[in-house]
$ cat upload32.txt   # compact mmCIF, C-alpha atoms
# COMPACT_ATOMS: atom_id res chain seq x y z
CA MET K 29 -21.58 8.45 -31.27
CA GLY K 30 -21.64 8.68 -35.05
CA CYS K 31 -24.31 7.01 -37.17
CA GLN K 32 -23.21 6.99 -40.82
CA ARG K 33 -26.23 4.98 -41.87
CA GLU K 34 -28.58 7.86 -41.00
CA LYS K 35 -27.28 10.02 -43.87
CA VAL K 36 -27.55 7.19 -46.39
CA LEU K 37 -31.10 6.31 -45.46
CA CYS K 38 -32.17 9.93 -45.69
CA GLU K 39 -30.73 10.45 -49.15
CA GLY K 40 -33.01 8.62 -51.54
CA SER K 41 -34.44 5.79 -49.49
CA LYS K 42 -38.05 5.01 -50.37
CA ARG K 43 -38.74 4.37 -46.73
CA CYS K 44 -37.50 7.84 -45.85
CA ARG K 45 -39.77 9.40 -48.45
CA ARG K 46 -42.76 7.53 -47.06
CA GLU K 47 -41.90 8.54 -43.49
CA ALA K 48 -42.38 12.30 -43.62
CA TRP K 49 -41.75 12.61 -39.89
CA VAL K 50 -38.40 10.82 -40.12
CA GLN K 51 -37.51 12.99 -43.11
CA ALA K 52 -38.14 16.02 -40.95
CA LEU K 53 -35.77 14.67 -38.33
CA CYS K 54 -33.08 14.11 -40.96
CA LYS K 55 -33.32 17.63 -42.34
CA LEU K 56 -33.15 19.42 -39.00
CA THR K 57 -30.08 21.63 -38.71
CA GLY K 58 -28.31 22.02 -35.40
CA ARG K 59 -30.04 25.36 -34.83
CA ARG K 60 -33.51 24.09 -35.63
CA ARG K 61 -32.98 20.97 -33.55
CA ALA K 62 -31.95 23.08 -30.60
CA ALA K 63 -35.12 25.09 -31.01
CA LEU K 64 -37.12 21.87 -31.13
CA LEU K 65 -35.64 20.85 -27.79
CA GLY K 66 -37.28 23.86 -26.24
CA VAL K 67 -40.71 22.24 -26.58
CA PRO K 68 -42.18 21.15 -23.20
CA ALA K 69 -40.83 17.71 -22.36
CA LEU K 70 -42.63 14.51 -21.65
CA PRO K 71 -41.88 12.84 -18.29
CA MET K 72 -38.51 11.07 -18.39
CA VAL K 73 -37.23 7.99 -16.65
CA PRO K 74 -35.27 7.37 -14.46
CA SER K 75 -34.87 10.67 -12.58
CA PRO K 76 -37.01 13.79 -12.17
CA ALA K 77 -33.93 15.88 -12.93
CA GLN K 78 -33.65 14.06 -16.26
CA ARG K 79 -30.00 13.22 -15.66
CA ALA K 80 -28.79 9.64 -16.01
CA ALA K 81 -25.47 8.55 -14.55
CA CYS K 82 -23.55 5.56 -15.80
CA ARG K 83 -20.59 4.24 -13.83
CA GLN K 84 -17.83 2.93 -16.02
CA THR K 85 -15.59 0.43 -14.28
CA GLN K 86 -12.34 -1.04 -15.45
CA HIS K 87 -14.37 -3.93 -16.88
CA CYS K 88 -16.37 -2.07 -19.51
CA THR K 89 -18.55 -5.08 -20.34
CA GLU K 90 -20.30 -4.53 -17.01
CA SER K 91 -21.17 -0.89 -17.80
CA ARG K 92 -24.37 0.16 -19.38
CA GLY K 93 -26.51 3.27 -19.55
CA THR K 94 -30.26 3.36 -20.04
CA ALA K 95 -32.46 6.21 -21.30
CA ALA K 96 -36.23 5.82 -21.04
CA CYS K 97 -39.08 7.99 -22.32
CA SER K 98 -42.67 7.73 -21.03
CA VAL K 99 -45.35 7.73 -23.72
CA ASP K 100 -49.15 7.37 -23.88
CA ASN K 101 -51.86 6.56 -26.44
CA ARG K 102 -51.58 10.01 -28.03
CA VAL K 103 -48.13 9.17 -29.41
CA THR K 104 -48.01 7.89 -32.97
CA ARG K 105 -44.26 7.85 -33.68
CA VAL K 106 -41.12 7.86 -31.48
CA ALA K 107 -37.39 8.23 -31.99
CA TRP K 108 -34.17 8.52 -29.95
CA LEU K 109 -31.44 10.91 -31.08
CA ASN K 110 -27.92 11.61 -29.87
CA ARG K 111 -26.72 15.08 -30.81
CA SER K 112 -27.17 15.13 -34.62
CA SER K 113 -27.63 11.38 -35.09
CA ILE K 114 -30.79 9.28 -35.08
CA LEU K 115 -30.28 6.14 -32.99
CA TYR K 116 -33.72 4.53 -33.28
CA ALA K 117 -36.92 5.49 -35.07
CA GLY K 118 -39.66 3.25 -33.73
CA ASN K 119 -38.30 -0.29 -33.93
CA ASP K 120 -35.86 0.57 -36.72
CA LYS K 121 -32.21 0.95 -35.76
CA TRP K 122 -30.51 3.76 -37.62
CA CYS K 123 -27.19 3.65 -35.88
CA LEU K 124 -24.51 1.11 -36.83
CA ASP K 125 -23.07 1.04 -33.32
CA PRO K 126 -23.74 -2.52 -32.02
CA ARG K 127 -23.60 -1.31 -28.41
CA VAL K 128 -26.91 0.58 -28.79
CA VAL K 129 -30.00 -1.63 -28.38
CA LEU K 130 -33.74 -1.02 -28.08
CA LEU K 131 -35.02 -2.08 -24.68
CA ALA K 132 -38.71 -1.27 -24.91
CA ASN K 133 -41.22 0.13 -27.37
CA THR K 134 -44.56 -0.22 -25.66
CA LYS K 135 -47.67 1.86 -25.15
CA THR K 136 -46.14 3.37 -22.01
CA GLN K 137 -42.36 3.39 -22.52
CA TYR K 138 -39.76 3.84 -25.22
CA SER K 139 -36.23 3.13 -24.00
CA ILE K 140 -32.75 2.35 -25.31
CA GLN K 141 -29.62 1.01 -23.67
CA ILE K 142 -25.90 1.52 -24.38
CA HIS K 143 -23.52 -1.31 -23.49
CA ASP K 144 -19.82 -0.91 -22.70
CA VAL K 145 -20.28 2.79 -22.02
CA ASP K 146 -17.36 5.03 -22.89
CA VAL K 147 -16.66 8.62 -21.90
CA TYR K 148 -17.36 9.64 -25.49
CA ASP K 149 -20.96 8.53 -25.01
CA GLU K 150 -21.54 11.32 -22.51
CA GLY K 151 -23.89 14.06 -23.62
CA PRO K 152 -27.53 14.83 -24.44
CA TYR K 153 -29.95 12.16 -25.70
CA THR K 154 -33.28 13.31 -27.09
CA CYS K 155 -36.56 11.45 -27.15
CA SER K 156 -38.73 12.83 -29.95
CA VAL K 157 -42.41 11.84 -30.19
CA GLN K 158 -45.14 12.63 -32.72
CA THR K 159 -48.67 13.20 -31.50
CA ASP K 160 -51.83 14.06 -33.41
CA ASN K 161 -51.11 17.74 -33.04
CA HIS K 162 -47.34 18.37 -33.12
CA PRO K 163 -44.00 16.79 -32.19
CA LYS K 164 -42.62 16.95 -28.68
CA THR K 165 -39.18 16.24 -27.34
CA SER K 166 -37.52 15.54 -24.03
CA ARG K 167 -33.85 15.36 -23.24
CA VAL K 168 -31.85 13.24 -20.84
CA HIS K 169 -28.16 13.96 -20.22
CA LEU K 170 -25.97 10.92 -19.83
CA ILE K 171 -23.15 11.48 -17.32
CA VAL K 172 -20.39 8.89 -17.53
CA GLN K 173 -18.58 8.29 -14.26
CA VAL K 174 -15.21 6.55 -14.41
CA SER K 175 -13.60 4.85 -11.45
CA PRO K 176 -10.15 6.17 -10.49
CA LYS K 177 -7.06 4.68 -12.08
CA ILE K 178 -3.45 5.46 -11.22
CA THR K 179 -1.69 5.98 -14.54
CA GLU K 180 1.72 7.14 -13.32
CA ILE K 181 3.59 6.73 -10.05
CA SER K 182 7.21 7.14 -8.98
CA SER K 183 9.46 4.10 -8.88
CA ASP K 184 11.07 2.83 -5.70
CA ILE K 185 13.90 5.13 -4.68
CA SER K 186 17.12 4.87 -2.66
CA ILE K 187 18.59 8.09 -1.27
CA ASN K 188 21.22 9.11 1.24
CA GLU K 189 20.10 10.59 4.54
CA GLY K 190 19.70 14.36 4.29
CA GLY K 191 18.71 14.32 0.62
CA ASN K 192 15.46 15.60 -0.91
CA VAL K 193 12.73 13.30 -2.22
CA SER K 194 9.97 14.08 -4.74
CA LEU K 195 7.23 11.50 -5.35
CA THR K 196 4.56 11.74 -8.06
CA CYS K 197 1.18 10.02 -8.38
CA ILE K 198 -1.04 10.79 -11.41
CA ALA K 199 -4.57 9.37 -11.63
CA THR K 200 -7.54 9.69 -13.98
CA GLY K 201 -11.26 9.33 -13.42
CA ARG K 202 -14.57 11.15 -13.69
CA PRO K 203 -15.07 13.12 -11.60
CA ASP K 204 -11.40 13.92 -11.09
CA PRO K 205 -10.09 11.78 -8.24
CA THR K 206 -8.71 13.13 -4.99
CA ILE K 207 -5.11 12.02 -4.44
CA THR K 208 -3.52 11.58 -1.01
CA TRP K 209 -0.15 10.35 0.22
CA ARG K 210 0.56 8.69 3.56
CA HIS K 211 3.59 7.10 5.20
CA ILE K 212 3.07 3.45 6.11
CA SER K 213 4.70 3.56 9.53
CA PRO K 214 3.56 2.87 13.12
CA LYS K 215 4.66 6.40 14.05
CA ALA K 216 2.93 8.11 11.11
CA VAL K 217 -0.47 9.71 11.77
CA GLY K 218 -2.95 10.67 9.02
CA PHE K 219 -2.11 11.96 5.56
CA ILE K 220 1.14 13.75 4.86
CA SER K 221 0.01 15.20 1.52
CA GLU K 222 -3.25 15.76 -0.34
CA ASP K 223 -1.72 16.42 -3.71
CA GLU K 224 -0.28 14.56 -6.68
CA TYR K 225 3.21 15.46 -5.50
CA LEU K 226 4.93 14.65 -2.23
CA GLU K 227 8.05 16.62 -1.35
CA ILE K 228 10.37 15.59 1.53
CA THR K 229 13.25 17.90 2.33
CA GLY K 230 16.26 16.61 4.30
CA ILE K 231 14.92 13.09 4.70
CA THR K 232 15.90 11.14 7.81
CA ARG K 233 16.28 7.42 8.45
CA GLU K 234 13.00 7.47 10.42
CA GLN K 235 11.21 8.55 7.22
CA SER K 236 12.26 5.50 5.26
CA GLY K 237 9.68 2.86 4.35
CA GLU K 238 6.64 2.64 2.11
CA TYR K 239 4.57 5.59 0.95
CA GLU K 240 1.02 4.89 -0.24
CA CYS K 241 -0.78 6.88 -2.92
CA SER K 242 -4.58 6.66 -2.86
CA ALA K 243 -6.92 7.93 -5.60
CA SER K 244 -10.65 8.16 -4.90
CA ASN K 245 -13.73 9.81 -6.41
CA ASP K 246 -16.65 7.95 -4.76
CA VAL K 247 -17.46 6.07 -7.98
CA ALA K 248 -15.72 2.90 -6.82
CA ALA K 249 -13.37 1.83 -4.06
CA PRO K 250 -10.15 3.89 -3.89
CA VAL K 251 -7.16 2.50 -5.77
CA VAL K 252 -3.81 2.46 -4.00
CA GLN K 253 -0.20 1.89 -4.98
CA ARG K 254 2.97 2.07 -2.91
CA VAL K 255 6.47 3.41 -3.38
CA LYS K 256 9.38 2.15 -1.27
CA VAL K 257 11.81 4.81 -0.09
CA THR K 258 15.16 3.50 1.21
CA VAL K 259 17.25 5.96 3.26
CA ASN K 260 20.96 5.12 3.36
CA TYR K 261 23.07 6.10 6.36
CA PRO K 262 26.48 5.18 7.85
CA PRO K 263 26.84 2.59 10.62
CA TYR K 264 25.98 3.37 14.21
CA ILE K 265 27.12 0.93 16.93
CA SER K 266 24.32 0.63 19.44
CA ASP K 267 25.68 -2.05 21.78
CA ALA K 268 29.21 -3.24 22.62
CA LYS K 269 29.99 -4.48 26.15
CA SER K 270 33.07 -5.83 27.90
CA THR K 271 32.83 -9.40 29.20
CA GLY K 272 34.46 -11.30 32.03
CA VAL K 273 35.20 -15.03 31.52
CA PRO K 274 37.20 -17.50 33.67
CA VAL K 275 40.16 -19.30 32.13
CA GLY K 276 39.11 -22.42 30.25
CA GLN K 277 35.51 -21.28 29.74
CA LYS K 278 33.65 -20.14 26.62
CA GLY K 279 33.57 -16.37 26.05
CA ILE K 280 31.57 -14.16 23.68
CA LEU K 281 31.98 -10.53 22.63
CA MET K 282 29.00 -8.90 20.83
CA CYS K 283 28.89 -5.85 18.57
CA GLU K 284 25.50 -4.52 17.34
CA ALA K 285 25.23 -1.84 14.66
CA SER K 286 22.48 -0.36 12.47
CA ALA K 287 23.26 0.82 8.95
CA VAL K 288 21.81 0.98 5.44
CA PRO K 289 23.22 -0.72 3.48
CA SER K 290 24.07 -3.31 6.14
CA ALA K 291 27.46 -2.91 7.77
CA ASP K 292 30.51 -5.10 7.23
CA PHE K 293 32.20 -6.07 10.53
CA GLN K 294 35.86 -6.57 11.39
CA TRP K 295 37.50 -7.48 14.72
CA TYR K 296 40.91 -6.39 15.99
CA LYS K 297 42.93 -7.26 19.08
CA ASP K 298 45.19 -4.33 19.71
CA ASP K 299 46.33 -3.62 16.12
CA LYS K 300 46.03 -7.15 14.79
CA ARG K 301 43.00 -8.15 12.73
CA LEU K 302 41.30 -11.38 13.73
CA ALA K 303 40.50 -13.70 10.83
CA GLU K 304 37.70 -16.23 10.51
CA GLY K 305 38.93 -19.74 11.20
CA GLN K 306 41.70 -18.64 13.53
CA LYS K 307 42.39 -21.38 16.07
CA GLY K 308 40.04 -21.25 19.01
CA LEU K 309 38.01 -18.36 17.55
CA LYS K 310 34.84 -17.96 15.50
CA VAL K 311 33.62 -14.74 13.88
CA GLU K 312 29.90 -14.72 12.99
CA ASN K 313 28.60 -11.70 11.01
CA LYS K 314 24.92 -10.96 10.45
CA ALA K 315 23.07 -7.97 9.03
CA PHE K 316 22.96 -6.02 12.29
CA PHE K 317 25.48 -7.67 14.61
CA SER K 318 28.77 -9.53 14.81
CA ARG K 319 29.70 -12.19 17.39
CA LEU K 320 33.25 -13.11 18.39
CA THR K 321 33.38 -16.47 20.17
CA PHE K 322 36.29 -17.91 22.24
CA PHE K 323 35.80 -21.63 22.72
CA ASN K 324 38.46 -22.08 25.44
CA VAL K 325 39.64 -18.81 26.94
CA SER K 326 43.34 -18.66 27.83
CA GLU K 327 45.46 -16.02 29.51
CA GLN K 328 46.62 -14.84 26.08
CA ASP K 329 42.99 -14.08 25.03
CA TYR K 330 42.46 -11.41 27.65
CA GLY K 331 42.84 -7.84 26.49
CA ASN K 332 41.33 -5.02 24.46
CA TYR K 333 39.23 -5.79 21.33
CA THR K 334 37.90 -3.37 18.72
CA CYS K 335 34.81 -3.86 16.54
CA VAL K 336 34.79 -1.89 13.28
CA ALA K 337 31.48 -1.49 11.35
CA SER K 338 31.59 0.07 7.87
CA ASN K 339 29.63 0.59 4.65
CA GLN K 340 30.10 2.84 1.63
CA LEU K 341 28.86 5.87 3.58
CA GLY K 342 31.31 5.63 6.46
CA ASN K 343 32.59 3.58 9.38
CA THR K 344 32.62 3.56 13.17
CA ASN K 345 34.23 1.47 15.89
CA ALA K 346 33.85 0.52 19.52
CA SER K 347 36.31 -1.02 22.00
CA MET K 348 35.59 -3.63 24.63
CA ILE K 349 37.63 -5.76 27.02
CA LEU K 350 37.71 -9.49 27.55
CA TYR K 351 38.89 -9.82 31.14
CA GLU K 352 39.47 -12.65 33.58
CA GLU K 353 36.65 -13.33 35.96
CA THR K 354 37.72 -15.18 39.12
CA THR K 355 35.35 -17.15 41.30
CA THR K 356 36.34 -17.15 45.02
CA ALA K 357 34.92 -20.17 46.89
CA LEU K 358 33.77 -19.28 50.37
CA THR K 359 34.93 -22.01 52.91
CA PRO K 360 32.58 -22.29 55.92
CA TRP K 361 34.06 -21.82 59.38
CA LYS K 362 34.38 -25.24 60.94
CA GLY K 363 34.23 -24.38 64.63
CA PRO K 364 32.72 -26.50 67.41
CA GLY K 365 29.61 -28.20 66.19
CA ALA K 366 30.22 -27.32 62.55
CA VAL K 367 29.10 -29.90 60.03
CA HIS K 368 30.99 -30.40 56.75
CA ASP K 369 28.62 -31.71 54.14
CA GLY K 370 31.38 -33.39 52.21
CA ASN K 371 32.77 -35.62 55.04
CA SER K 372 31.54 -38.82 56.67
CA GLY K 373 29.93 -39.33 60.10
CA ALA K 374 33.40 -39.75 61.70
CA TRP K 375 33.71 -35.94 61.72
CA ARG K 376 30.47 -35.66 63.61
CA ARG K 377 31.60 -38.27 66.17
CA GLY K 378 35.00 -36.55 66.66
CA SER K 379 33.43 -33.19 67.29
CA CYS K 380 31.00 -34.60 69.83
CA ALA K 381 33.87 -36.29 71.79
CA TRP K 382 35.71 -32.96 71.90
CA LEU K 383 32.64 -31.24 73.33
CA LEU K 384 32.35 -33.89 76.10
CA ALA K 385 36.06 -33.52 77.10
CA LEU K 386 35.68 -29.78 77.74
CA PRO K 387 33.41 -29.96 80.87
CA LEU K 388 35.51 -32.84 82.34
CA ALA K 389 38.67 -30.71 82.24
CA GLN K 390 36.86 -27.87 84.06
CA LEU K 391 35.76 -30.26 86.84
CA ALA K 392 39.38 -31.53 87.34
CA ARG K 393 40.64 -27.98 88.05
CA GLN K 394 38.15 -27.60 90.90
CA PHE K 395 39.58 -30.60 92.72
$ encode --input "upload32.txt" --output "structure tokens"
Amino acid sequence: MGCQREKVLCEGSKRCRREAWVQALCKLTGRRRAALLGVPALPMVPSPAQRAACRQTQHCTESRGTAACSVDNRVTRVAWLNRSSILYAGNDKWCLDPRVVLLANTKTQYSIQIHDVDVYDEGPYTCSVQTDNHPKTSRVHLIVQVSPKITEISSDISINEGGNVSLTCIATGRPDPTITWRHISPKAVGFISEDEYLEITGITREQSGEYECSASNDVAAPVVQRVKVTVNYPPYISDAKSTGVPVGQKGILMCEASAVPSADFQWYKDDKRLAEGQKGLKVENKAFFSRLTFFNVSEQDYGNYTCVASNQLGNTNASMILYEETTTALTPWKGPGAVHDGNSGAWRRGSCAWLLALPLAQLARQF
């Protein structure tokens, strides 16, 4: 924190000549000032360790650091210095920096405050007081803490299965932030790296997804950013089943396949490719399946069908059969006493008459 005005005021100002104590401050060399700092210190505010911490957030207007010096009735003059620059002498501001303001100059306290704290403000601040006997000084060290910020991170990446992946996440902050990587996946457990760099050798399709970089240093909440890793692989048909359909009914053949990029589907009967819009057929292709629909199955539709799934990494196929499914109606045995649900009561009356004729014939044989 430079204060150009200090030099000007100390070179010929009448006020400087009248203020012998301030003149002494101006003429101190770095060596003599360091010696002066060895004088027993007055009590300092805010901490017994005489170390003040200021947390700088991303919104610097909310950051401020305060240095306070306790005084009593023995003190006749006071001043705040930063390294080799006088900030305030009594109520007079010597520094041109508008961020530095005088908070209090009372019989018990002499304090200053720095607004919009920057990392360059970190360092020693000296409170110098003049008593009846001799000057005394006390030092407070301003520690500027900066919340973590990710300054560089890898872009989203697309890679073929089996390749190697290297992800980078660079972050700044004070103290230096801790960087961790984790895979955003239901199967992933804990962190997979506690370093700026994440290396994956021979990546598999199960390792695709988002990878999250987190930077933390306990100054503020961790900051996170994500990188999407897409793993490309050739199609794999996971489901293809033969289907039985009666003549004249609607039939469907399904073919499911996983692939990245998504697979293109084609259907063949024997060696002939089936085209969309072919009479009586409909081919419906989605990202992970294809559906072949027969609206009115005929004898000519039965046979072997092949589903071919392909992308730029390869292709695969699966065969299935559309076969005729026959339904055999079971006719109930209509013996004595049987009732046919589809006929009228005449059937019931006929059967009863037949049952009555049987015992009469047996009686006739006896006579």
$ residues_around --input "upload32.txt" --residues "K:Ala268" --least-positions-apart "2" --cutoff "12 Å" --atoms "all atoms listed in the file" --output "count of residues only"
26
$ atom_distance --input "upload32.txt" --atom1 "atom CA of K:Arg167" --atom2 "atom CA of K:Thr154"
4.4 Å
$ residues_around --input "upload32.txt" --residues "K:Trp209" --least-positions-apart "2" --cutoff "12 Å" --atoms "all atoms listed in the file" --output "PyMOL selection string"
chain K and resi 181+194-198+206-207+211-212+216-228+238-244+252-255
$ atom_distance --input "upload32.txt" --atom1 "atom CA of K:Tyr330" --atom2 "atom CA of K:Tyr351"
5.2 Å
$ atom_distance --input "upload32.txt" --atom1 "atom CA of K:Leu109" --atom2 "atom CA of K:Pro152"
8.6 Å
$ residues_around --input "upload32.txt" --residues "K:Glu189" --least-positions-apart "2" --cutoff "7 Å" --atoms "all atoms listed in the file" --output "ChimeraX atom specification"
/K:187,191,231-233,259-261
$ residues_around --input "upload32.txt" --residues "K:Val325" --least-positions-apart "2" --cutoff "10 Å" --atoms "all atoms listed in the file" --output "short mmCIF file (atom, residue, chain, number, x, y, z; two decimals) with C-alpha atoms, in the frame of the given file"
data_model
loop_
_atom_site.label_atom_id
_atom_site.label_comp_id
_atom_site.auth_asym_id
_atom_site.auth_seq_id
_atom_site.Cartn_x
_atom_site.Cartn_y
_atom_site.Cartn_z
CA VAL K 273 35.20 -15.03 31.52
CA PRO K 274 37.20 -17.50 33.67
CA VAL K 275 40.16 -19.30 32.13
CA GLY K 276 39.11 -22.42 30.25
CA GLN K 277 35.51 -21.28 29.74
CA LYS K 278 33.65 -20.14 26.62
CA GLY K 279 33.57 -16.37 26.05
CA ILE K 280 31.57 -14.16 23.68
CA GLY K 308 40.04 -21.25 19.01
CA LEU K 309 38.01 -18.36 17.55
CA THR K 321 33.38 -16.47 20.17
CA PHE K 322 36.29 -17.91 22.24
CA PHE K 323 35.80 -21.63 22.72
CA GLU K 327 45.46 -16.02 29.51
CA GLN K 328 46.62 -14.84 26.08
CA ASP K 329 42.99 -14.08 25.03
CA TYR K 330 42.46 -11.41 27.65
CA LEU K 350 37.71 -9.49 27.55
CA TYR K 351 38.89 -9.82 31.14
CA GLU K 352 39.47 -12.65 33.58
#
$ closest_residue --input "upload32.txt" --among "K:Ile185, K:Ala107, K:Val168, K:Ile178" --to "K:Trp122" --atoms "only C-alpha atoms"
K:Ala107
$ closest_residue --input "upload32.txt" --among "K:Glu180, K:Ser113, K:Ser175, K:Ser290" --to "K:Val251" --atoms "all atoms listed in the file"
K:Ser175
$ closest_residue --input "upload32.txt" --among "K:Val128, K:Ala303, K:Ala248, K:Val157" --to "K:Gly201" --atoms "all atoms listed in the file"
K:Ala248
